[in-house]
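Enquirer: Next comes model-v9.txt, compact mmCIF, C-alpha atoms and all ligand atoms:
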# COMPACT_ATOMS: atom_id res chain seq x y z
CA MET G 6 0.00 0.00 0.00
CA LYS G 7 1.33 3.44 -0.91
CA LYS G 8 1.78 5.94 1.89
CA TRP G 9 -1.52 7.07 3.41
CA SER G 10 -0.67 10.74 3.95
CA ARG G 11 0.80 11.17 0.47
CA PHE G 12 -1.70 9.35 -1.73
CA PHE G 13 -5.00 9.06 0.08
CA GLN G 14 -5.82 11.53 2.84
CA ASN G 15 -3.29 14.31 3.30
CA GLU G 16 -3.01 16.63 6.29
CA GLU G 17 -5.27 19.30 4.79
CA TYR G 18 -7.88 16.71 3.79
CA LEU G 19 -8.05 15.49 7.40
CA GLU G 20 -8.46 19.06 8.69
CA LYS G 21 -11.17 19.85 6.11
CA THR G 22 -13.26 16.73 6.67
CA ARG G 23 -12.99 16.85 10.47
CA MET G 24 -14.51 20.35 10.30
CA TYR G 25 -17.85 18.69 9.63
CA ILE G 26 -17.42 15.14 10.94
CA LEU G 27 -16.36 16.35 14.39
CA ASN G 28 -19.21 18.66 15.36
CA GLU G 29 -18.14 21.14 17.99
CA ASP G 30 -21.64 21.31 19.44
CA MET G 31 -21.59 17.57 20.15
CA ARG G 32 -18.16 17.55 21.79
CA GLY G 33 -19.55 17.54 25.34
CA TYR G 34 -21.87 14.66 24.48
CA VAL G 35 -18.98 12.64 23.01
CA THR G 36 -16.58 13.17 25.94
CA GLU G 37 -19.36 12.44 28.44
CA LYS G 38 -20.32 9.15 26.74
CA ILE G 39 -16.65 8.11 26.63
CA GLY G 40 -16.38 9.11 30.29
CA LEU G 41 -13.32 11.39 30.14
CA THR G 42 -12.37 12.98 33.47
CA VAL G 43 -9.45 14.89 34.97
CA GLY G 44 -6.23 12.93 35.52
CA MET G 45 -6.91 10.21 32.95
CA LYS G 46 -4.38 8.77 30.52
CA VAL G 47 -5.98 8.47 27.11
CA LEU G 48 -4.65 6.78 23.96
CA ASP G 49 -5.93 7.72 20.47
CA VAL G 50 -5.14 4.86 18.05
CA GLY G 51 -4.64 5.70 14.33
CA CYS G 52 -4.60 9.35 15.38
CA GLY G 53 -3.43 10.73 12.00
CA THR G 54 -2.64 14.41 12.50
CA GLY G 55 -4.41 14.42 15.88
CA GLU G 56 -7.68 16.09 14.80
CA PHE G 57 -9.77 13.81 17.06
CA THR G 58 -7.27 14.05 19.94
CA ARG G 59 -7.50 17.86 19.90
CA TYR G 60 -11.30 17.72 19.45
CA LEU G 61 -11.57 15.78 22.72
CA ALA G 62 -8.96 18.00 24.41
CA ARG G 63 -10.96 21.16 23.62
CA GLN G 64 -13.58 19.77 26.03
CA THR G 65 -11.32 18.40 28.77
CA ASN G 66 -8.76 19.47 31.34
CA GLY G 67 -5.86 17.69 33.03
CA ILE G 68 -5.83 14.70 30.68
CA SER G 69 -2.66 13.18 29.33
CA TYR G 70 -3.27 12.27 25.68
CA THR G 71 -1.07 9.93 23.63
CA GLY G 72 -1.63 9.54 19.86
CA LEU G 73 -0.34 6.54 17.89
CA ASP G 74 -0.09 6.24 14.09
CA ASN G 75 2.13 4.23 11.76
CA ASP G 76 2.59 7.13 9.32
CA PRO G 77 5.57 9.20 10.59
CA ASP G 78 4.54 12.23 8.48
CA PHE G 79 1.16 12.32 10.22
CA ILE G 80 2.88 12.07 13.60
CA ALA G 81 5.17 15.00 12.69
CA ALA G 82 2.10 17.02 11.62
CA ALA G 83 0.24 16.03 14.82
CA LYS G 84 3.10 17.36 16.96
CA LYS G 85 3.25 20.64 15.02
CA ARG G 86 -0.52 21.16 14.95
CA SER G 87 -0.93 20.43 18.67
CA GLN G 88 1.51 23.07 19.90
CA GLY G 89 -0.48 25.59 21.89
CA ALA G 90 -3.68 23.51 21.70
CA GLU G 91 -3.21 21.82 25.10
CA ASN G 92 -6.08 23.60 26.91
CA GLY G 93 -4.76 22.27 30.25
CA ASN G 94 -4.05 18.79 28.86
CA SER G 95 -0.79 17.29 27.59
CA PHE G 96 -0.04 15.60 24.25
CA GLU G 97 2.47 13.02 23.12
CA PHE G 98 2.48 11.56 19.60
CA VAL G 99 4.23 8.28 18.80
CA THR G 100 4.91 6.42 15.53
CA GLY G 101 3.95 2.75 15.81
CA ASP G 102 1.77 -0.10 14.62
CA ALA G 103 -1.69 -0.51 16.14
CA ALA G 104 -1.33 -4.29 15.79
CA ALA G 105 1.82 -4.31 17.98
CA MET G 106 1.67 -1.24 20.19
CA PRO G 107 4.81 0.05 21.89
CA PHE G 108 3.03 0.36 25.29
CA GLU G 109 2.91 -1.70 28.47
CA ASP G 110 -0.15 -3.67 29.56
CA GLY G 111 -2.88 -1.66 31.28
CA CYS G 112 -1.17 1.73 31.09
CA PHE G 113 -4.18 3.75 29.77
CA ASP G 114 -7.55 4.51 31.39
CA VAL G 115 -9.29 5.05 28.06
CA VAL G 116 -8.38 4.00 24.52
CA VAL G 117 -10.19 5.77 21.68
CA SER G 118 -10.07 5.74 17.89
CA HIS G 119 -11.73 7.80 15.16
CA THR G 120 -12.38 6.45 11.63
CA PHE G 121 -9.80 3.78 12.30
CA PHE G 122 -11.55 0.38 12.36
CA ASN G 123 -12.79 1.04 8.78
CA SER G 124 -9.23 1.55 7.55
CA MET G 125 -7.26 -1.22 9.18
CA PRO G 126 -7.29 -4.81 7.84
CA LEU G 127 -6.02 -6.19 11.18
CA TYR G 128 -8.88 -4.53 13.08
CA ARG G 129 -9.40 -7.50 15.44
CA LYS G 130 -5.73 -7.60 16.37
CA ALA G 131 -5.83 -3.82 16.89
CA LEU G 132 -8.82 -4.15 19.25
CA GLN G 133 -7.00 -6.89 21.18
CA GLU G 134 -4.02 -4.56 21.51
CA MET G 135 -6.30 -1.72 22.63
CA LYS G 136 -7.63 -4.06 25.31
CA ARG G 137 -4.15 -5.11 26.37
CA VAL G 138 -2.94 -1.53 26.93
CA CYS G 139 -6.18 -0.49 28.69
CA ARG G 140 -6.50 -1.02 32.45
CA ASP G 141 -9.17 -3.32 33.89
CA GLY G 142 -12.44 -1.40 34.08
CA GLY G 143 -11.18 1.15 31.51
CA ILE G 144 -13.13 2.22 28.42
CA ILE G 145 -12.48 1.47 24.76
CA ALA G 146 -14.28 3.72 22.26
CA SER G 147 -14.57 3.96 18.50
CA MET G 148 -16.16 6.76 16.48
CA THR G 149 -16.71 6.12 12.77
CA ALA G 150 -18.94 7.35 9.95
CA THR G 151 -22.03 5.13 9.82
CA ASP G 152 -20.78 3.47 6.63
CA ILE G 153 -18.45 4.85 4.02
CA GLU G 154 -20.92 4.33 1.18
CA HIS G 155 -23.71 5.97 3.17
CA ILE G 156 -21.99 9.29 3.78
CA PRO G 157 -24.16 11.74 1.88
CA LEU G 158 -21.68 13.70 -0.18
CA SER G 159 -22.55 16.02 -3.00
CA HIS G 160 -20.38 18.00 -5.33
CA GLY G 161 -23.24 20.42 -5.40
CA ILE G 162 -25.97 21.85 -7.54
CA TYR G 163 -24.24 24.95 -8.80
CA PRO G 164 -26.01 28.02 -10.16
CA ARG G 165 -26.00 28.63 -13.94
CA ASP G 166 -23.34 31.33 -13.77
CA SER G 167 -20.81 28.70 -12.68
CA GLU G 168 -21.11 26.88 -15.99
CA TYR G 169 -18.05 28.54 -17.47
CA TRP G 170 -15.83 26.35 -15.30
CA LYS G 171 -18.05 23.61 -13.85
CA LYS G 172 -18.64 21.58 -17.04
CA ASP G 173 -14.92 21.36 -17.89
CA TYR G 174 -14.16 20.67 -14.24
CA ASP G 175 -16.60 17.71 -14.11
CA VAL G 176 -15.17 16.16 -17.29
CA LEU G 177 -11.61 16.26 -15.94
CA LEU G 178 -12.69 15.27 -12.43
CA ASN G 179 -14.09 12.01 -13.84
CA LYS G 180 -10.69 11.32 -15.41
CA VAL G 181 -8.85 12.17 -12.18
CA VAL G 182 -11.09 9.85 -10.14
CA ALA G 183 -10.65 7.02 -12.69
CA MET G 184 -6.86 7.51 -12.53
CA TYR G 185 -6.89 7.38 -8.71
CA GLU G 186 -8.87 4.13 -8.80
CA LYS G 187 -6.14 2.54 -10.94
CA VAL G 188 -3.04 4.00 -9.26
CA VAL G 189 -4.13 4.29 -5.61
CA PRO G 190 -7.42 2.34 -5.29
CA MET G 191 -9.53 3.43 -2.33
CA ASN G 192 -10.02 -0.20 -1.31
CA ASP G 193 -6.30 -0.48 -0.57
CA TYR G 194 -6.88 1.98 2.27
CA LEU G 195 -10.36 1.08 3.46
CA GLN G 196 -9.88 -2.56 4.35
CA GLY G 197 -11.38 -2.57 7.80
CA ILE G 198 -14.72 -3.54 9.27
CA PRO G 199 -17.95 -1.67 8.34
CA THR G 200 -19.19 0.52 11.20
CA ALA G 201 -22.38 -1.51 11.64
CA TYR G 202 -20.32 -4.53 12.75
CA ILE G 203 -18.08 -2.76 15.27
CA PRO G 204 -20.47 -3.35 18.22
CA ASN G 205 -20.41 -7.10 17.38
CA LEU G 206 -16.61 -7.00 17.22
CA PHE G 207 -16.52 -5.36 20.68
CA GLU G 208 -18.79 -8.09 22.07
CA GLU G 209 -16.84 -10.90 20.41
CA GLU G 210 -13.71 -9.53 22.07
CA LYS G 211 -15.55 -9.65 25.42
CA LEU G 212 -15.96 -5.97 26.17
CA ARG G 213 -18.73 -5.28 28.69
CA SER G 214 -21.73 -2.93 28.41
CA VAL G 215 -21.20 -2.29 24.69
CA SER G 216 -23.22 0.81 23.72
CA ALA G 217 -23.71 2.78 20.49
CA TYR G 218 -24.54 6.49 20.24
CA PRO G 219 -25.29 8.45 17.05
CA VAL G 220 -23.31 11.65 16.56
CA GLY G 221 -23.69 13.84 13.50
CA ARG G 222 -24.79 16.85 11.48
CA PHE G 223 -24.73 17.88 7.85
CA PHE G 224 -22.21 20.51 6.83
CA SER G 225 -23.07 22.72 3.90
CA LEU G 226 -21.59 25.78 2.29
CA SER G 227 -25.19 26.92 1.76
CA ASN G 228 -25.89 26.88 5.48
CA SER G 229 -26.00 30.47 6.73
CA ALA G 230 -25.39 29.21 10.28
CA VAL G 231 -21.85 28.15 9.38
CA PRO G 232 -19.55 31.14 10.06
CA ALA G 233 -17.91 32.72 6.98
CA GLU G 234 -14.43 32.11 8.44
CA LYS G 235 -15.09 28.39 8.68
CA LYS G 236 -16.42 28.25 5.13
CA ARG G 237 -13.37 30.17 3.85
CA ARG G 238 -10.99 27.76 5.59
CA PHE G 239 -12.96 24.78 4.21
CA ILE G 240 -12.74 26.09 0.62
CA GLU G 241 -9.02 26.81 0.90
CA LEU G 242 -8.29 23.40 2.46
CA GLU G 243 -10.28 21.69 -0.29
CA TYR G 244 -8.14 23.40 -2.93
CA ILE G 245 -4.83 22.60 -1.18
CA SER G 246 -5.67 18.97 -0.38
CA ASP G 247 -7.10 18.19 -3.87
CA ARG G 248 -4.10 19.77 -5.59
CA LYS G 249 -1.50 18.14 -3.32
CA ARG G 250 -3.01 14.69 -3.76
CA LEU G 251 -3.09 15.03 -7.54
CA GLU G 252 0.55 16.24 -7.61
CA CYS G 253 1.65 13.20 -5.56
CA VAL G 254 -0.33 10.66 -7.59
CA TYR G 255 0.80 12.13 -10.93
CA GLU G 256 4.45 11.69 -9.90
CA GLU G 257 3.82 7.92 -10.12
CA ASP G 258 4.80 6.44 -13.51
CA GLU G 259 1.54 4.45 -13.91
CA ALA G 260 -0.47 7.68 -13.69
CA LYS G 261 0.94 9.06 -16.95
CA ALA G 262 -1.03 6.46 -18.93
CA PHE G 263 -4.34 7.95 -17.77
CA MET G 264 -3.93 11.72 -18.17
CA THR G 265 -1.64 14.02 -20.13
CA GLU G 266 0.45 16.75 -18.55
CA GLU G 267 -1.79 19.33 -20.31
CA GLU G 268 -4.92 17.83 -18.77
CA ILE G 269 -3.32 17.92 -15.33
CA GLN G 270 -2.37 21.59 -15.76
CA ALA G 271 -5.89 22.36 -17.02
CA PHE G 272 -7.34 20.67 -13.93
CA TYR G 273 -5.13 22.69 -11.56
CA ALA G 274 -6.43 25.85 -13.26
CA LEU G 275 -10.02 24.62 -12.83
CA LEU G 276 -9.41 23.84 -9.15
CA GLU G 277 -8.35 27.48 -8.79
CA LYS G 278 -11.45 28.67 -10.63
CA LYS G 279 -13.64 26.57 -8.37
CA ARG G 280 -11.92 27.91 -5.23
CA ASP G 281 -12.19 31.53 -6.38
CA TYR G 282 -15.82 31.10 -7.43
CA LEU G 283 -16.75 29.60 -4.04
CA LEU G 284 -14.87 32.31 -2.16
CA ARG G 285 -16.57 35.05 -4.21
CA HIS G 286 -19.99 33.61 -3.39
CA LEU G 287 -19.23 32.79 0.24
CA GLU G 288 -21.99 34.97 1.65
CA ASP G 289 -24.67 33.98 -0.90
CA ASN G 290 -25.52 30.73 0.87
CA ARG G 291 -26.71 29.39 -2.45
CA ILE G 292 -23.84 27.07 -3.40
CA TRP G 293 -25.29 23.72 -2.62
CA GLN G 294 -22.29 21.66 -1.68
CA TRP G 295 -22.91 19.45 1.29
CA GLU G 296 -21.06 16.71 3.06
CA GLY G 297 -21.15 14.70 6.23
CA GLY G 298 -23.60 12.43 7.90
CA THR G 299 -23.93 10.46 11.05
CA SER G 300 -21.13 8.87 12.97
CA LEU G 301 -21.53 6.08 15.45
CA LEU G 302 -19.75 6.29 18.78
CA ILE G 303 -19.32 2.82 20.25
CA THR G 304 -18.05 2.22 23.77
CA GLY G 305 -17.25 -0.88 25.81
CA GLN G 306 -15.56 -1.62 29.10
CA LYS G 307 -12.59 -3.88 29.64
CA ALA G 308 -13.31 -6.58 32.21
CA SER G 309 -10.50 -8.07 34.30
CA ALA G 310 -9.27 -11.57 33.39
CA ASP G 311 -11.08 -12.96 36.50
CA GLU G 312 -14.34 -11.25 35.49
CA GLU G 313 -14.02 -12.62 31.95
CA PHE G 314 -13.45 -16.09 33.35
CA MET G 315 -16.49 -15.88 35.69
CA SER G 316 -18.69 -14.60 32.90
CA ALA G 317 -17.60 -17.52 30.65
CA ILE G 318 -18.51 -19.96 33.46
CA MET G 319 -21.91 -18.27 33.98
CA ASN G 320 -22.63 -18.52 30.24
CA MET G 321 -21.82 -22.24 30.31
CA ILE G 322 -24.16 -23.02 33.19
CA LYS G 323 -27.05 -20.83 31.95
C1 LIG Z 401 -9.00 7.65 8.29
S1 LIG Z 401 -7.48 8.03 9.06
C2 LIG Z 401 -8.03 8.68 10.60
C3 LIG Z 401 -7.06 9.63 11.25
C4 LIG Z 401 -7.58 10.28 12.53
N1 LIG Z 401 -8.06 9.31 13.49
C5 LIG Z 401 -8.69 11.28 12.21
O1 LIG Z 401 -9.86 10.91 12.32
O2 LIG Z 401 -8.39 12.40 11.80
C6 LIG Z 401 -6.91 6.40 9.55
C7 LIG Z 401 -5.54 6.43 10.20
O3 LIG Z 401 -5.16 5.12 10.58
C8 LIG Z 401 -3.75 5.01 10.42
N2 LIG Z 401 -3.39 3.58 10.37
C9 LIG Z 401 -3.75 2.67 9.44
N3 LIG Z 401 -3.19 1.47 9.75
C10 LIG Z 401 -2.50 1.65 10.91
C11 LIG Z 401 -1.71 0.79 11.73
N4 LIG Z 401 -1.53 -0.49 11.42
N5 LIG Z 401 -1.16 1.30 12.83
C12 LIG Z 401 -1.32 2.60 13.18
N6 LIG Z 401 -2.05 3.46 12.45
C13 LIG Z 401 -2.63 3.00 11.32
C14 LIG Z 401 -3.48 5.77 9.12
O4 LIG Z 401 -2.13 6.14 8.98
C15 LIG Z 401 -4.43 6.96 9.28
O5 LIG Z 401 -3.80 8.03 9.92
Using the file provided, produce a representation of the structure as structure tokens.
Ligand SMILES: C[S@@+](CC[C@H](N)C(=O)[O-])C[C@H]1O[C@@H](n2cnc3c(N)ncnc32)[C@H](O)[C@@H]1O
Expert:
Amino acid sequence: MKKWSRFFQNEEYLEKTRMYILNEDMRGYVTEKIGLTVGMKVLDVGCGTGEFTRYLARQTNGISYTGLDNDPDFIAAAKKRSQGAENGNSFEFVTGDAAAMPFEDGCFDVVVSHTFFNSMPLYRKALQEMKRVCRDGGIIASMTATDIEHIPLSHGIYPRDSEYWKKDYDVLLNKVVAMYEKVVPMNDYLQGIPTAYIPNLFEEEKLRSVSAYPVGRFFSLSNSAVPAEKKRRFIELEYISDRKRLECVYEEDEAKAFMTEEEIQAFYALLEKKRDYLLRHLEDNRIWQWEGGTSLLITGQKASADEEFMSAIMNMIK
């Protein structure tokens, strides 16, 4: 598999998408359901650039957060992006494999992950590792979009005056997407378990009191309740992340068979036109581009080995 941060979801893509997946108004609900309190040691597995870690930290105080990811570029970005974002908490970010974590048994009170179980082929092994590094009675939590194919995502119904760039953009976008599917297929990255099965996975791995909570909102550029500053940042991040990803993929030799250099340059120019058009119409609230959906927060508690043993006996004699 080619590097995650370079070919699939770069730093700016993670920031852009977390603007709508991680709703600020539901932050208190999420941290309460996970049960975060002062003094805890919390591990975020597959933390990427730390967007979810900082989301939780904006709600908490006095928590020591550790983030783990196997992509060293994401870990470097997580460290940089977390400077000054402590809010009374502390952060440490570590490069490592979720299937063989560099931590001692039982050293965390809570182990969380965000959009991780969908992306990791060894998801069962990762959950077993999460259990190993969590203390007895501690909480393991996963938050993930309800199902990748069910995320409502629209490139928008654009007004007629956008036609001077939108038609050409759509033609080239289809070619770009087809090229990505050949050079860096999405299925290489999304090899985990669908969200709907994560509660079953938690039960199979003998977590107690497994619970699921829906968390979510739509995000739309046509929503007048979204502040202009947030929309502006979203539009700029979309431009940077789309362009960066295309640059990285087109450096691969196989990519040259799918699009010419002229087409790539034309697409960069259209990405700029799209960005400038959206920025010009920021306050209109009539550009119907919407994304996001519902996430499922799933929590379970780690029982001690003795409790697991007793519960197995009780099940046998039932
Ligand atoms: C969809 S991203 C989520 C990033 C972050 N949790 C967020 O929501 O912004 C999935 C992350 O899992 C990481 N990952 C995939 N396999 C991994 C493994 N075996 N060990 C550690 N991290 C892994 C990827 O590098 C990527 O950062």
Enquirer: List as number ranges by chain the protein and nucleic acid residues lying within 8 Å of ligand LIG 401 (chain Z), with all atoms listed in the file counted.
Expert: G: 9-10, 14, 19-20, 23, 49-57, 73-76, 79, 100-104, 118-121, 123-127, 131, 194
Enquirer: Would you compute the distance between atom CA of Gly67 of chain G and atom CA of Glu37 of chain G? Give it in Å to one decimal.
Expert: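 The value is 15.2 Å.
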Enquirer: So, with only C-alpha atoms as the atoms that count, which of G:Leu27, G:Arg213, G:Gly93, G:Ala62 lies closest to Ser309 of chain G?
Expert: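 Answer, going by the shortest atom-to-atom distance: G:Arg213.
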Enquirer: Using all atoms listed in the file for the distances, tell me which of G:Met315, G:Leu177, G:Ile303, G:Val47 is nearest to Tyr202 of chain G.
Expert: G:Ile303
Enquirer: Please list as a list in words every residue within 10 Å of Asp247 of chain G, counting only C-alpha atoms and excluding residues in the same chain fewer than 3 positions away.
Expert: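 Surrounding residues, per the criterion: Gln14, Asn15, Glu17, Tyr18, Leu242, Glu243, Tyr244, Arg250, Leu251, Glu252, Tyr273 and Leu276 of chain G.
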Enquirer: Given the selection you just returned, output its residues as a file containing C-alpha atoms, formatted as a tab-separated table (two decimals), in the frame of the given file.
Expert:
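Output file out09.tsv is given in full below:
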chain	number	residue	atom	x	y	z
G	14	GLN	CA	-5.82	11.53	2.84
G	15	ASN	CA	-3.29	14.31	3.30
G	17	GLU	CA	-5.27	19.30	4.79
G	18	TYR	CA	-7.88	16.71	3.79
G	242	LEU	CA	-8.29	23.40	2.46
G	243	GLU	CA	-10.28	21.69	-0.29
G	244	TYR	CA	-8.14	23.40	-2.93
G	250	ARG	CA	-3.01	14.69	-3.76
G	251	LEU	CA	-3.09	15.03	-7.54
G	252	GLU	CA	0.55	16.24	-7.61
G	273	TYR	CA	-5.13	22.69	-11.56
G	276	LEU	CA	-9.41	23.84	-9.15
Enquirer: Work out how far atom CA of Leu226 of chain G is from atom CA of Tyr282 of chain G, in Å to one decimal.
Expert: 12.5 Å
Enquirer: Between G:Pro190, G:Gly221, G:Gly305, G:Gly197, which residue has the minimum interatomic distance to Met24 of chain G, considering only C-alpha atoms?
Expert: G:Gly221
Enquirer: As an exercise, work out the distance from atom CA of Val35 of chain G to atom CA of Met148 of chain G in Å and give it to one decimal place.
Expert: 9.2 Å
Enquirer: Please provide the set of residues having any atom within 6 Å of Gly111 of chain G, restricted to only C-alpha atoms, with same-chain residues fewer than 4 positions apart removed, written as JSON, numbers by chain.
Expert: {"G": [138, 139, 140]}
Enquirer: Can I get the selected residues back with C-alpha atoms, as a PDB file, in the coordinates of the input?
Expert:
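Printed below is out_6.pdb as written:
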ATOM      1  CA  VAL G 138      -2.940  -1.530  26.930  1.00  0.00           C
ATOM      2  CA  CYS G 139      -6.180  -0.490  28.690  1.00  0.00           C
ATOM      3  CA  ARG G 140      -6.500  -1.020  32.450  1.00  0.00           C
TER       4      ARG G 140
END
Enquirer: What lies within 7 Å of Ser300 of chain G using only C-alpha atoms, ignoring chain neighbours under 6 positions off, as a PyMOL selection string?
Expert: chain G and resi 148-151+219-221
Enquirer: Residues within 10 Å of (-6.2, 2.5, -1.6), file coordinates, counting only C-alpha atoms: what are they? Give the list as a ChimeraX atom specification.
Expert: /G:6-9,12-13,124,185-196
Enquirer: Return the single residue from G:Cys253, G:Val176, G:Met319, G:Ala230 that is closest to Glu268 of chain G, with distances computed using all atoms listed in the file.
Expert: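 Among G:Cys253, G:Val176, G:Met319, G:Ala230, it is G:Val176 that comes nearest to Glu268 of chain G.
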Enquirer: Mind rebuilding segment 200-218 of chain G with N, CA and C atoms and writing that out as a PDB file, in the coordinates of the input?
Expert:
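Dumped to rebuild29.pdb:
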ATOM      1  N   THR G 200     -18.791  -0.004   9.882  1.00  0.00           N
ATOM      2  CA  THR G 200     -19.190   0.520  11.200  1.00  0.00           C
ATOM      3  C   THR G 200     -20.283  -0.323  11.864  1.00  0.00           C
ATOM      4  N   ALA G 201     -21.243  -0.788  11.063  1.00  0.00           N
ATOM      5  CA  ALA G 201     -22.380  -1.510  11.640  1.00  0.00           C
ATOM      6  C   ALA G 201     -21.950  -2.755  12.412  1.00  0.00           C
ATOM      7  N   TYR G 202     -20.766  -3.303  12.091  1.00  0.00           N
ATOM      8  CA  TYR G 202     -20.320  -4.530  12.750  1.00  0.00           C
ATOM      9  C   TYR G 202     -19.402  -4.278  13.944  1.00  0.00           C
ATOM     10  N   ILE G 203     -19.029  -3.021  14.182  1.00  0.00           N
ATOM     11  CA  ILE G 203     -18.080  -2.760  15.270  1.00  0.00           C
ATOM     12  C   ILE G 203     -18.655  -3.156  16.639  1.00  0.00           C
ATOM     13  N   PRO G 204     -19.952  -2.890  16.917  1.00  0.00           N
ATOM     14  CA  PRO G 204     -20.470  -3.350  18.220  1.00  0.00           C
ATOM     15  C   PRO G 204     -20.330  -4.873  18.383  1.00  0.00           C
ATOM     16  N   ASN G 205     -20.563  -5.636  17.292  1.00  0.00           N
ATOM     17  CA  ASN G 205     -20.410  -7.100  17.380  1.00  0.00           C
ATOM     18  C   ASN G 205     -18.952  -7.465  17.666  1.00  0.00           C
ATOM     19  N   LEU G 206     -18.043  -6.748  16.994  1.00  0.00           N
ATOM     20  CA  LEU G 206     -16.610  -7.000  17.220  1.00  0.00           C
ATOM     21  C   LEU G 206     -16.269  -6.759  18.687  1.00  0.00           C
ATOM     22  N   PHE G 207     -16.789  -5.670  19.263  1.00  0.00           N
ATOM     23  CA  PHE G 207     -16.520  -5.360  20.680  1.00  0.00           C
ATOM     24  C   PHE G 207     -17.045  -6.490  21.572  1.00  0.00           C
ATOM     25  N   GLU G 208     -18.231  -7.009  21.239  1.00  0.00           N
ATOM     26  CA  GLU G 208     -18.790  -8.090  22.070  1.00  0.00           C
ATOM     27  C   GLU G 208     -18.000  -9.374  21.907  1.00  0.00           C
ATOM     28  N   GLU G 209     -17.624  -9.673  20.648  1.00  0.00           N
ATOM     29  CA  GLU G 209     -16.840 -10.900  20.410  1.00  0.00           C
ATOM     30  C   GLU G 209     -15.526 -10.853  21.187  1.00  0.00           C
ATOM     31  N   GLU G 210     -14.974  -9.658  21.343  1.00  0.00           N
ATOM     32  CA  GLU G 210     -13.710  -9.530  22.070  1.00  0.00           C
ATOM     33  C   GLU G 210     -13.949  -9.292  23.566  1.00  0.00           C
ATOM     34  N   LYS G 211     -15.172  -9.581  23.997  1.00  0.00           N
ATOM     35  CA  LYS G 211     -15.550  -9.650  25.420  1.00  0.00           C
ATOM     36  C   LYS G 211     -15.468  -8.325  26.161  1.00  0.00           C
ATOM     37  N   LEU G 212     -15.807  -7.233  25.450  1.00  0.00           N
ATOM     38  CA  LEU G 212     -15.960  -5.970  26.170  1.00  0.00           C
ATOM     39  C   LEU G 212     -17.344  -5.977  26.820  1.00  0.00           C
ATOM     40  N   ARG G 213     -17.454  -5.296  27.951  1.00  0.00           N
ATOM     41  CA  ARG G 213     -18.730  -5.280  28.690  1.00  0.00           C
ATOM     42  C   ARG G 213     -19.526  -4.026  28.355  1.00  0.00           C
ATOM     43  N   SER G 214     -20.834  -4.092  28.568  1.00  0.00           N
ATOM     44  CA  SER G 214     -21.730  -2.930  28.410  1.00  0.00           C
ATOM     45  C   SER G 214     -21.488  -2.194  27.095  1.00  0.00           C
ATOM     46  N   VAL G 215     -21.454  -2.929  25.994  1.00  0.00           N
ATOM     47  CA  VAL G 215     -21.200  -2.290  24.690  1.00  0.00           C
ATOM     48  C   VAL G 215     -22.412  -1.408  24.340  1.00  0.00           C
ATOM     49  N   SER G 216     -22.135  -0.145  24.017  1.00  0.00           N
ATOM     50  CA  SER G 216     -23.220   0.810  23.720  1.00  0.00           C
ATOM     51  C   SER G 216     -22.886   1.576  22.444  1.00  0.00           C
ATOM     52  N   ALA G 217     -23.929   2.011  21.723  1.00  0.00           N
ATOM     53  CA  ALA G 217     -23.710   2.780  20.490  1.00  0.00           C
ATOM     54  C   ALA G 217     -24.514   4.069  20.550  1.00  0.00           C
ATOM     55  N   TYR G 218     -23.887   5.181  20.205  1.00  0.00           N
ATOM     56  CA  TYR G 218     -24.540   6.490  20.240  1.00  0.00           C
ATOM     57  C   TYR G 218     -24.370   7.183  18.887  1.00  0.00           C
TER      58      TYR G 218
END
